[in-house]
Structure formats: structure tokens, C-alpha cells
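Have a look at the structure below, then the notes.
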Amino acid sequence: MEKQPILETNRLILRPFNLSDAKRVQELAGDSRIAETTLHIPHPYEDGLAALWISTHKDNYENGKSINYAIVIKGTEELIGEISLVLKLIHRKAEVGYWIGVPYWGKGYCTEACKKIIEFGFERYNLNRIYALAMVTNIGSWRVMEKVGMKYEGTRRQDIIKNGVPVDLKSYSILREEYYNSLSKEE
Ligand SMILES: CC(C)(COP(=O)(O)OP(=O)(O)OC[C@H]1O[C@@H](n2cnc3c(N)ncnc32)[C@H](O)[C@@H]1OP(=O)(O)O)[C@@H](O)C(=O)NCCC(=O)NCCS
């Protein structure tokens with residue numbers, strides 16, 4: 001099995017998490033504004049949870065279930081967020097998920113990381129479809145999806161229960177042919 005590759009963009013490095021990142025993950029993901037709009041991040045973010053989560057990454061990568069990246073600023077090595085692909089290789093598709101620490105919002109970091117992981121997903125895993133889901137109220141997240149070239153494909157009504165309340169999720173996706181067509185237009 002090839003080691004999880006490190007990815008690079010203009011301003012960012014995407015690298016695997018290390019257990020030594022746990023404190024930083026807890027600090028950033030522990031902000032209630034992250035839990036509010038994500039589907040799986042709890043609040044409060046208990047001690048030990050980040051290490052437990054990081055310790056699942058290697059097996060998940062090796063079993064082709066998911067691939068998780070720490071988003072790190074080039075040069076300073078500051079960890080600012082997370083991006084992942086949850087893989088369903090039998091259907092050649094993956095769901096992208098992400099969060100960025102609150103102090104780093106609105107600087108285009110998520111868009112930059114997301115473009116890279118889409119490229120990686122299509123190239124490395126030969127995916128046919130990459131999709132993402134966001135709460136209808138999570139404008140920042142669906143702006144990211146639009147900026148990376150994903151198309152709105154509908155709203156899944158009351159798809160999840162968040163804090164006891166049914167919530168609608170917007171669904172976005174990009175297909176392999178759309179991705180490669182967009183590259184040829186850029187040339
Ligand atoms: C969603 C999230 C990842 C975006 O990260 P980010 O690095 O700030 O994203 P970017 O800077 O690349 O792009 C955000 C875009 O949304 C826009 N935006 C954010 N909030 C907005 C709002 N309330 N109304 C209108 N636009 C908004 C920004 O202006 C920007 O668009 P622009 O470049 O056209 O101006 C970040 O806010 C986050 O981590 N939120 C909490 C966790 C989460 O919701 N994760 C996604 C779950 S689906």
C-alpha cells in the first residue's frame with residue numbers, strides 16, 4: 001500500500017494527521033461554531049476524542065474507506081483545519097467534508113484545499129463523482145462547493161436530526177467528465 005501522499009497548493013500543505021495534532025484539533029474543532037454546522041462533530045469536544053479520531057485514519061486509509069488530511073499553512077506549519085474524502089469505491093464516488101478553524105475563515109483556504117482534494121480524488125482513485133452535503137443555512141459551505149465547480153443537485157428534506165431538530169441538506173456534486181472538461185477550458 002502506497003503511503004498517504006502529501007498534497008500541496010499555493011498556500012497550503014495537506015498532510016496526514018499525527019497524534020501530536022490532537023490538542024490543536026480539540027482547540028479548533030471544539031469551537032461551538034464548528035459543531036453547529038457539521039454533521040459529526042460534537043460539542044463540547046471531549047478530551048481524548050481527537051486522538052481517538054486520529055488513530056482511526058491509518059486503517060481507514062489502508063482499507064480504502066476514507067482519507068483524512070490536516071490542512072496546514074505552508075511555511076508556518078500552522079494546522080488550520082481538516083478535509084476528507086469518504087470513499088465508496090464500488091461506485092467510484094466519494095463525499096468530501098471539511099472544517100476550517102474560525103480565526104481562518106473567509107480567506108479562501110477551504111476552497112483551495114477542496115480544489116486540491118477533488119483533483120486528487122479524480123486522479124488517484126479514478127472517481128466518477130465527488131459530492132458534498134451542507135445544511136441549507138450553511139452559506140459558507142455551499143459557496144465553497146460552488147467555487148470549486150460543484151453543481152447544486154437538490155435538497156434532501158429533513159435528512160438529519162441536529163440537536164433534536166430535522167434539518168434539510170443541500171447536495172452538490174462534480175462529475176469526472178465535468179472536472180476534466182473544466183480543465184481543458186482553462187488551458
Ligand atoms: C464552511 C467553511 C469550511 C468555509 O471555510 P472558509 O475557509 O472560510 O471558506 P472560503 O474562504 O474558501 O470560502 C467561503 C465563502 O463563503 C462566503 N461566506 C461565508 N459565510 C457567508 C455568509 N454568511 N453569507 C454569504 N457568504 C458567506 C465567503 O464570503 C466565501 O465566498 P467568497 O470567496 O465568494 O467571498 C468554514 O466556515 C467552516 O469550517 N465552517 C464550520 C464547519 C462546517 O460547516 N463545515 C462544512 C460542513 S458541510
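Going by the C-alpha cells order, chains are called A, B, ..., each with residues numbered from 1, while ligands are numbered from 1 in the order shown.
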May I have the residues within 7 Å of ligand 1, computed using only C-alpha atoms and all ligand atoms, as JSON, numbers by chain? {"A": [33, 34, 35, 37, 38, 39, 97, 98, 99, 100, 101, 102, 104, 105, 106, 107, 108, 109, 110, 111, 112, 132, 133, 134, 135, 138, 139, 140, 141, 143, 144]}
Please identify all polymer residues within 8 Å of range 116-125 of chain A, counting only C-alpha atoms, omitting same-chain residues fewer than 4 positions from it, and present them as a short mmCIF file (atom, residue, chain, number, x, y, z; two decimals) with N, CA, C and O atoms, in the first residue's frame.
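Saved to around.cif:
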```cif
data_model
loop_
_atom_site.label_atom_id
_atom_site.label_comp_id
_atom_site.auth_asym_id
_atom_site.auth_seq_id
_atom_site.Cartn_x
_atom_site.Cartn_y
_atom_site.Cartn_z
N LEU A 7 -0.13 16.50 -0.15
CA LEU A 7 -0.59 17.33 -1.27
C LEU A 7 -0.21 18.78 -0.99
O LEU A 7 -0.14 19.19 0.17
N GLU A 8 -0.06 19.53 -2.07
CA GLU A 8 0.41 20.90 -1.91
C GLU A 8 -0.39 21.85 -2.80
O GLU A 8 -0.71 21.51 -3.94
N THR A 9 -0.73 23.01 -2.27
CA THR A 9 -1.36 24.06 -3.08
C THR A 9 -0.48 25.31 -2.95
O THR A 9 0.56 25.25 -2.29
N ILE A 83 -9.79 18.23 5.99
CA ILE A 83 -10.59 17.91 4.80
C ILE A 83 -10.48 16.41 4.55
O ILE A 83 -9.42 15.81 4.78
N SER A 84 -11.58 15.81 4.09
CA SER A 84 -11.55 14.36 3.93
C SER A 84 -12.40 13.93 2.74
O SER A 84 -13.28 14.67 2.28
N LEU A 85 -12.09 12.75 2.27
CA LEU A 85 -12.95 12.07 1.30
C LEU A 85 -13.41 10.77 1.94
O LEU A 85 -12.57 9.98 2.41
N LEU A 89 -15.76 3.09 -3.14
CA LEU A 89 -15.03 2.79 -4.37
C LEU A 89 -15.83 1.90 -5.32
O LEU A 89 -15.64 1.98 -6.54
N ARG A 92 -17.31 4.21 -7.38
CA ARG A 92 -16.33 5.23 -7.82
C ARG A 92 -16.79 6.63 -7.42
O ARG A 92 -16.74 7.57 -8.19
N ALA A 94 -17.12 9.61 -3.91
CA ALA A 94 -16.65 9.98 -2.57
C ALA A 94 -17.38 11.23 -2.12
O ALA A 94 -17.78 12.07 -2.93
N GLU A 112 -9.36 26.44 -1.54
CA GLU A 112 -8.06 26.00 -2.06
C GLU A 112 -7.82 24.51 -1.75
O GLU A 112 -7.40 23.74 -2.61
N ILE A 130 -17.83 13.18 -7.14
CA ILE A 130 -17.48 13.66 -5.80
C ILE A 130 -18.61 14.58 -5.36
O ILE A 130 -19.04 15.46 -6.11
N ARG A 176 -16.78 13.37 -13.00
CA ARG A 176 -15.45 13.26 -13.62
C ARG A 176 -15.37 14.04 -14.94
O ARG A 176 -14.47 14.82 -15.18
#
```
Taking only C-alpha atoms into account, which of A:Leu87, A:Leu169, A:Val96, A:Leu28 comes nearest Asn63 in chain A? A:Leu87
Go through range 5-149 of chain A and collect every residue that DSSP, computed from the backbone, puts in strand (DSSP E or B); the answer should be as a PyMOL selection string. chain A and resi 7-8+12-15+66-73+79-88+93-100+129-135
Show me, as number ranges by chain, the residues that have an atom within 12 Å of Glu46 in chain A when counting only C-alpha atoms, minus same-chain residues fewer than 6 positions from it. A: 22-23, 25-27, 29-31, 52-53
